[in-house]
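Undergrad: model_14.pdb (PDB, N, CA and C atoms) pasted underneath:
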ATOM      1  N   MET O   1       5.735  11.110 -15.945
ATOM      2  CA  MET O   1       5.656  10.045 -14.983
ATOM      3  C   MET O   1       4.232   9.481 -14.917
ATOM      4  N   THR O   2       3.232  10.340 -14.939
ATOM      5  CA  THR O   2       1.862   9.832 -14.846
ATOM      6  C   THR O   2       1.494   8.996 -16.064
ATOM      7  N   ARG O   3       2.000   9.397 -17.215
ATOM      8  CA  ARG O   3       1.744   8.580 -18.413
ATOM      9  C   ARG O   3       2.377   7.206 -18.295
ATOM     10  N   GLN O   4       3.567   7.162 -17.752
ATOM     11  CA  GLN O   4       4.245   5.870 -17.565
ATOM     12  C   GLN O   4       3.445   4.972 -16.633
ATOM     13  N   ILE O   5       2.888   5.559 -15.586
ATOM     14  CA  ILE O   5       2.060   4.779 -14.667
ATOM     15  C   ILE O   5       0.863   4.207 -15.417
ATOM     16  N   GLY O   6       0.220   5.046 -16.213
ATOM     17  CA  GLY O   6      -0.914   4.588 -17.009
ATOM     18  C   GLY O   6      -0.544   3.468 -17.955
ATOM     19  N   HIS O   7       0.595   3.598 -18.588
ATOM     20  CA  HIS O   7       1.042   2.568 -19.533
ATOM     21  C   HIS O   7       1.373   1.271 -18.804
ATOM     22  N   ARG O   8       1.908   1.382 -17.604
ATOM     23  CA  ARG O   8       2.207   0.175 -16.825
ATOM     24  C   ARG O   8       0.920  -0.526 -16.397
ATOM     25  N   ILE O   9      -0.067   0.270 -16.042
ATOM     26  CA  ILE O   9      -1.369  -0.320 -15.707
ATOM     27  C   ILE O   9      -1.902  -1.088 -16.909
ATOM     28  N   ARG O  10      -1.832  -0.475 -18.079
ATOM     29  CA  ARG O  10      -2.289  -1.131 -19.303
ATOM     30  C   ARG O  10      -1.528  -2.438 -19.531
ATOM     31  N   ASP O  11      -0.209  -2.403 -19.356
ATOM     32  CA  ASP O  11       0.606  -3.603 -19.570
ATOM     33  C   ASP O  11       0.227  -4.726 -18.602
ATOM     34  N   HIS O  12      -0.005  -4.375 -17.348
ATOM     35  CA  HIS O  12      -0.398  -5.392 -16.361
ATOM     36  C   HIS O  12      -1.789  -5.943 -16.671
ATOM     37  N   ARG O  13      -2.672  -5.074 -17.119
ATOM     38  CA  ARG O  13      -4.020  -5.530 -17.502
ATOM     39  C   ARG O  13      -3.935  -6.507 -18.660
ATOM     40  N   LYS O  14      -3.166  -6.148 -19.677
ATOM     41  CA  LYS O  14      -3.026  -7.013 -20.847
ATOM     42  C   LYS O  14      -2.351  -8.333 -20.496
ATOM     43  N   ALA O  15      -1.388  -8.288 -19.577
ATOM     44  CA  ALA O  15      -0.696  -9.516 -19.164
ATOM     45  C   ALA O  15      -1.664 -10.504 -18.517
ATOM     46  N   ARG O  16      -2.725  -9.986 -17.934
ATOM     47  CA  ARG O  16      -3.746 -10.845 -17.335
ATOM     48  C   ARG O  16      -4.802 -11.260 -18.355
ATOM     49  N   GLY O  17      -4.719 -10.701 -19.549
ATOM     50  CA  GLY O  17      -5.674 -11.035 -20.596
ATOM     51  C   GLY O  17      -7.031 -10.378 -20.416
ATOM     52  N   TRP O  18      -7.073  -9.281 -19.669
ATOM     53  CA  TRP O  18      -8.323  -8.588 -19.415
ATOM     54  C   TRP O  18      -8.529  -7.445 -20.396
ATOM     55  N   THR O  19      -9.762  -7.207 -20.737
ATOM     56  CA  THR O  19     -10.100  -6.023 -21.530
ATOM     57  C   THR O  19     -10.198  -4.834 -20.584
ATOM     58  N   GLN O  20     -10.238  -3.648 -21.164
ATOM     59  CA  GLN O  20     -10.424  -2.462 -20.340
ATOM     60  C   GLN O  20     -11.765  -2.531 -19.609
ATOM     61  N   ALA O  21     -12.777  -3.035 -20.287
ATOM     62  CA  ALA O  21     -14.100  -3.141 -19.672
ATOM     63  C   ALA O  21     -14.065  -4.069 -18.456
ATOM     64  N   GLU O  22     -13.324  -5.171 -18.562
ATOM     65  CA  GLU O  22     -13.220  -6.106 -17.432
ATOM     66  C   GLU O  22     -12.532  -5.462 -16.238
ATOM     67  N   LEU O  23     -11.418  -4.779 -16.489
ATOM     68  CA  LEU O  23     -10.704  -4.142 -15.380
ATOM     69  C   LEU O  23     -11.536  -3.022 -14.767
ATOM     70  N   ALA O  24     -12.210  -2.255 -15.593
ATOM     71  CA  ALA O  24     -13.060  -1.182 -15.073
ATOM     72  C   ALA O  24     -14.140  -1.752 -14.172
ATOM     73  N   GLU O  25     -14.776  -2.820 -14.616
ATOM     74  CA  GLU O  25     -15.837  -3.442 -13.813
ATOM     75  C   GLU O  25     -15.284  -4.013 -12.509
ATOM     76  N   ARG O  26     -14.178  -4.717 -12.593
ATOM     77  CA  ARG O  26     -13.583  -5.332 -11.398
ATOM     78  C   ARG O  26     -13.156  -4.288 -10.376
ATOM     79  N   SER O  27     -12.687  -3.141 -10.855
ATOM     80  CA  SER O  27     -12.188  -2.115  -9.941
ATOM     81  C   SER O  27     -13.252  -1.101  -9.537
ATOM     82  N   GLY O  28     -14.422  -1.168 -10.174
ATOM     83  CA  GLY O  28     -15.512  -0.284  -9.796
ATOM     84  C   GLY O  28     -15.373   1.142 -10.295
ATOM     85  N   ILE O  29     -14.654   1.314 -11.409
ATOM     86  CA  ILE O  29     -14.547   2.636 -12.005
ATOM     87  C   ILE O  29     -15.150   2.581 -13.406
ATOM     88  N   SER O  30     -15.435   3.735 -13.962
ATOM     89  CA  SER O  30     -16.043   3.742 -15.288
ATOM     90  C   SER O  30     -15.003   3.397 -16.354
ATOM     91  N   LEU O  31     -15.482   2.891 -17.452
ATOM     92  CA  LEU O  31     -14.606   2.543 -18.564
ATOM     93  C   LEU O  31     -13.893   3.775 -19.091
ATOM     94  N   SER O  32     -14.594   4.886 -19.198
ATOM     95  CA  SER O  32     -13.962   6.112 -19.705
ATOM     96  C   SER O  32     -12.844   6.585 -18.771
ATOM     97  N   THR O  33     -13.037   6.411 -17.471
ATOM     98  CA  THR O  33     -11.998   6.791 -16.507
ATOM     99  C   THR O  33     -10.774   5.905 -16.665
ATOM    100  N   LEU O  34     -10.992   4.600 -16.830
ATOM    101  CA  LEU O  34      -9.866   3.688 -17.010
ATOM    102  C   LEU O  34      -9.109   4.013 -18.291
ATOM    103  N   LYS O  35      -9.840   4.297 -19.352
ATOM    104  CA  LYS O  35      -9.174   4.637 -20.615
ATOM    105  C   LYS O  35      -8.297   5.870 -20.455
ATOM    106  N   LEU O  36      -8.811   6.867 -19.758
ATOM    107  CA  LEU O  36      -8.040   8.091 -19.527
ATOM    108  C   LEU O  36      -6.828   7.803 -18.646
ATOM    109  N   LEU O  37      -7.006   6.962 -17.650
ATOM    110  CA  LEU O  37      -5.904   6.587 -16.764
ATOM    111  C   LEU O  37      -4.806   5.867 -17.540
ATOM    112  N   GLU O  38      -5.183   4.913 -18.362
ATOM    113  CA  GLU O  38      -4.182   4.167 -19.137
ATOM    114  C   GLU O  38      -3.516   5.029 -20.205
ATOM    115  N   ARG O  39      -4.287   5.840 -20.868
ATOM    116  CA  ARG O  39      -3.757   6.625 -21.991
ATOM    117  C   ARG O  39      -2.907   7.807 -21.539
ATOM    118  N   GLU O  40      -3.402   8.547 -20.536
ATOM    119  CA  GLU O  40      -2.730   9.795 -20.168
ATOM    120  C   GLU O  40      -2.249   9.839 -18.719
ATOM    121  N   GLY O  41      -2.566   8.787 -17.963
ATOM    122  CA  GLY O  41      -2.170   8.786 -16.565
ATOM    123  C   GLY O  41      -2.987   9.753 -15.727
ATOM    124  N   LYS O  42      -4.171  10.121 -16.206
ATOM    125  CA  LYS O  42      -5.009  11.075 -15.491
ATOM    126  C   LYS O  42      -6.100  10.346 -14.722
ATOM    127  N   GLY O  43      -6.282  10.756 -13.481
ATOM    128  CA  GLY O  43      -7.310  10.169 -12.633
ATOM    129  C   GLY O  43      -6.995  10.462 -11.186
ATOM    130  N   SER O  44      -7.928  10.186 -10.337
ATOM    131  CA  SER O  44      -7.712  10.460  -8.917
ATOM    132  C   SER O  44      -6.857   9.371  -8.281
ATOM    133  N   LEU O  45      -6.277   9.713  -7.160
ATOM    134  CA  LEU O  45      -5.499   8.740  -6.408
ATOM    135  C   LEU O  45      -6.384   7.589  -5.961
ATOM    136  N   GLN O  46      -7.618   7.892  -5.613
ATOM    137  CA  GLN O  46      -8.560   6.856  -5.181
ATOM    138  C   GLN O  46      -8.787   5.842  -6.303
ATOM    139  N   ARG O  47      -8.973   6.315  -7.512
ATOM    140  CA  ARG O  47      -9.202   5.400  -8.638
ATOM    141  C   ARG O  47      -7.944   4.613  -8.977
ATOM    142  N   LEU O  48      -6.805   5.267  -8.901
ATOM    143  CA  LEU O  48      -5.542   4.570  -9.123
ATOM    144  C   LEU O  48      -5.380   3.452  -8.098
ATOM    145  N   ALA O  49      -5.696   3.738  -6.847
ATOM    146  CA  ALA O  49      -5.574   2.735  -5.794
ATOM    147  C   ALA O  49      -6.509   1.555  -6.048
ATOM    148  N   LYS O  50      -7.729   1.820  -6.495
ATOM    149  CA  LYS O  50      -8.670   0.736  -6.791
ATOM    150  C   LYS O  50      -8.120  -0.186  -7.874
ATOM    151  N   VAL O  51      -7.594   0.405  -8.925
ATOM    152  CA  VAL O  51      -7.033  -0.383 -10.026
ATOM    153  C   VAL O  51      -5.805  -1.153  -9.545
ATOM    154  N   ALA O  52      -4.955  -0.496  -8.771
ATOM    155  CA  ALA O  52      -3.739  -1.145  -8.265
ATOM    156  C   ALA O  52      -4.077  -2.357  -7.406
ATOM    157  N   VAL O  53      -5.095  -2.251  -6.584
ATOM    158  CA  VAL O  53      -5.497  -3.383  -5.736
ATOM    159  C   VAL O  53      -5.955  -4.553  -6.596
ATOM    160  N   ILE O  54      -6.787  -4.284  -7.587
ATOM    161  CA  ILE O  54      -7.301  -5.347  -8.441
ATOM    162  C   ILE O  54      -6.176  -6.022  -9.226
ATOM    163  N   LEU O  55      -5.183  -5.238  -9.641
ATOM    164  CA  LEU O  55      -4.051  -5.789 -10.390
ATOM    165  C   LEU O  55      -2.950  -6.330  -9.471
ATOM    166  N   ASN O  56      -3.210  -6.283  -8.155
ATOM    167  CA  ASN O  56      -2.239  -6.739  -7.165
ATOM    168  C   ASN O  56      -0.930  -5.954  -7.237
ATOM    169  N   LEU O  57      -1.058  -4.650  -7.449
ATOM    170  CA  LEU O  57       0.097  -3.764  -7.537
ATOM    171  C   LEU O  57       0.121  -2.776  -6.382
ATOM    172  N   ASP O  58      -0.709  -2.989  -5.397
ATOM    173  CA  ASP O  58      -0.853  -2.017  -4.323
ATOM    174  C   ASP O  58       0.291  -2.037  -3.315
ATOM    175  N   GLY O  59       1.136  -3.038  -3.349
ATOM    176  CA  GLY O  59       2.263  -3.085  -2.418
ATOM    177  C   GLY O  59       3.160  -1.868  -2.549
ATOM    178  N   GLY O  60       3.420  -1.455  -3.768
ATOM    179  CA  GLY O  60       4.249  -0.272  -3.995
ATOM    180  C   GLY O  60       3.604   0.994  -3.466
ATOM    181  N   LEU O  61       2.296   1.107  -3.641
ATOM    182  CA  LEU O  61       1.586   2.265  -3.109
ATOM    183  C   LEU O  61       1.616   2.260  -1.586
ATOM    184  N   ARG O  62       1.420   1.097  -1.008
ATOM    185  CA  ARG O  62       1.442   1.004   0.457
ATOM    186  C   ARG O  62       2.812   1.402   0.996
ATOM    187  N   GLU O  63       3.858   0.957   0.324
ATOM    188  CA  GLU O  63       5.209   1.296   0.758
ATOM    189  C   GLU O  63       5.472   2.785   0.602
ATOM    190  N   LEU O  64       5.017   3.343  -0.493
ATOM    191  CA  LEU O  64       5.215   4.765  -0.756
ATOM    192  C   LEU O  64       4.596   5.624   0.334
ATOM    193  N   PHE O  65       3.441   5.204   0.826
ATOM    194  CA  PHE O  65       2.726   5.991   1.815
ATOM    195  C   PHE O  65       2.794   5.405   3.224
ATOM    196  N   ALA O  66       3.793   4.570   3.455
ATOM    197  CA  ALA O  66       3.965   3.991   4.790
ATOM    198  C   ALA O  66       4.336   5.097   5.777
ATOM    199  N   GLU O  67       3.978   4.862   7.010
ATOM    200  CA  GLU O  67       4.301   5.850   8.033
ATOM    201  C   GLU O  67       5.810   5.972   8.181
ATOM    202  N   THR O  68       6.242   7.188   8.338
ATOM    203  CA  THR O  68       7.651   7.455   8.599
ATOM    204  C   THR O  68       7.756   7.990  10.017
ATOM    205  N   PRO O  69       8.870   7.785  10.635
ATOM    206  CA  PRO O  69       8.996   8.265  12.009
ATOM    207  C   PRO O  69       8.928   9.789  12.071
ATOM    208  N   ALA O  70       8.296  10.296  13.092
ATOM    209  CA  ALA O  70       8.226  11.737  13.307
ATOM    210  C   ALA O  70       9.435  12.151  14.139
ATOM    211  N   TYR O  71      10.054  13.225  13.758
ATOM    212  CA  TYR O  71      11.223  13.716  14.479
ATOM    213  C   TYR O  71      10.866  15.012  15.187
ATOM    214  N   ALA O  72      11.451  15.188  16.349
ATOM    215  CA  ALA O  72      11.164  16.372  17.160
ATOM    216  C   ALA O  72      11.862  17.618  16.621
ATOM    217  N   SER O  73      12.957  17.418  15.912
ATOM    218  CA  SER O  73      13.712  18.572  15.424
ATOM    219  C   SER O  73      14.541  18.182  14.214
ATOM    220  N   LEU O  74      15.100  19.183  13.579
ATOM    221  CA  LEU O  74      16.003  18.947  12.454
ATOM    222  C   LEU O  74      17.249  18.205  12.927
ATOM    223  N   GLU O  75      17.689  18.499  14.129
ATOM    224  CA  GLU O  75      18.858  17.801  14.685
ATOM    225  C   GLU O  75      18.601  16.301  14.812
ATOM    226  N   ALA O  76      17.394  15.939  15.201
ATOM    227  CA  ALA O  76      17.052  14.523  15.329
ATOM    228  C   ALA O  76      17.089  13.840  13.967
ATOM    229  N   VAL O  77      16.627  14.534  12.940
ATOM    230  CA  VAL O  77      16.676  13.989  11.570
ATOM    231  C   VAL O  77      18.122  13.780  11.154
ATOM    232  N   GLU O  78      18.971  14.777  11.411
ATOM    233  CA  GLU O  78      20.380  14.676  11.041
ATOM    234  C   GLU O  78      21.067  13.524  11.774
ATOM    235  N   LYS O  79      20.750  13.352  13.056
ATOM    236  CA  LYS O  79      21.330  12.236  13.820
ATOM    237  C   LYS O  79      20.902  10.898  13.231
ATOM    238  N   ALA O  80      19.621  10.774  12.926
ATOM    239  CA  ALA O  80      19.104   9.522  12.351
ATOM    240  C   ALA O  80      19.744   9.254  11.009
ATOM    241  N   THR O  81      19.908  10.277  10.208
ATOM    242  CA  THR O  81      20.515  10.125   8.886
ATOM    243  C   THR O  81      21.971   9.697   9.007
ATOM    244  N   ARG O  82      22.713  10.320   9.900
ATOM    245  CA  ARG O  82      24.110   9.949  10.112
ATOM    246  C   ARG O  82      24.233   8.511  10.601
ATOM    247  N   GLY O  83      23.319   8.109  11.455
ATOM    248  CA  GLY O  83      23.340   6.744  11.979
ATOM    249  C   GLY O  83      23.073   5.706  10.902
ATOM    250  N   SER O  84      22.183   6.036   9.981
ATOM    251  CA  SER O  84      21.856   5.066   8.919
ATOM    252  C   SER O  84      22.948   5.009   7.874
ATOM    253  N   ILE O  85      23.687   6.085   7.700
ATOM    254  CA  ILE O  85      24.789   6.090   6.728
ATOM    255  C   ILE O  85      25.926   5.203   7.229
ATOM    256  N   ARG O  86      26.171   5.197   8.515
ATOM    257  CA  ARG O  86      27.253   4.381   9.099
ATOM    258  C   ARG O  86      26.925   2.904   9.110
ATOM    259  N   SER O  87      25.658   2.571   9.088
ATOM    260  CA  SER O  87      25.253   1.166   9.189
ATOM    261  C   SER O  87      25.636   0.356   7.996
TER     262      SER O  87
END
How would this structure read if it were set down as structure tokens?
TA:
Amino acid sequence: MTRQIGHRIRDHRKARGWTQAELAERSGISLSTLKLLEREGKGSLQRLAKVAVILNLDGGLRELFAETPAYASLEAVEKATRGSIRS
């Protein structure tokens, strides 16, 4: 999965006509870090987020980490789940 993310970053970068050096500079990460991110999907979440913002791909990350409602108990979770299934 991490490799796929890296490859998608590369594809989005290329679609914009940017070199790796350009994207690294725009996102404030080193060129070697970007190369590793694109090639192997390795890097910190912070660096991934920087690249995603520059490529305008951060909406998915924001959604992934959006706040979820806190439940007081397992029963409350089950009730909420049953309610959403009926909808």
Undergrad: List as a list in words the protein and nucleic acid residues near Gly28 in chain O, meaning an atom at most 8 Å away when only N, CA and C atoms are counted, but skip any in the same chain fewer than 5 places from it.
TA: Glu22, Leu23, Arg47, Lys50 and Val51 of chain O
Undergrad: List the residues matched by the PyMOL selection byres (((chain O and resi 35-42 and name CA) around 12) and name CA) in the displayed structure as a VMD selection string, ordered by chain and then by residue number.
TA: chain O and resid 1 to 14 19 to 24 29 to 34 43 to 52
Undergrad: To one decimal in Å, tell me the separation between atom N of Val53 in chain O and atom N of Ser27 in chain O.
TA: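 Computing it gives 8.8 Å between the two atoms.
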Undergrad: What's the separation between atom C of Trp18 in chain O and CA of Gly60 in chain O, in Å to one decimal place?
TA: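 CA of Gly60 in chain O lies at a distance of 22.0 Å from atom C of Trp18 in chain O.
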Undergrad: Work out how far atom N of Glu67 in chain O is from atom C of Ala80 in chain O, in Å to one decimal.
TA: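 If I compute the distance from atom C of Ala80 in chain O to atom N of Glu67 in chain O, I get 16.8 Å.
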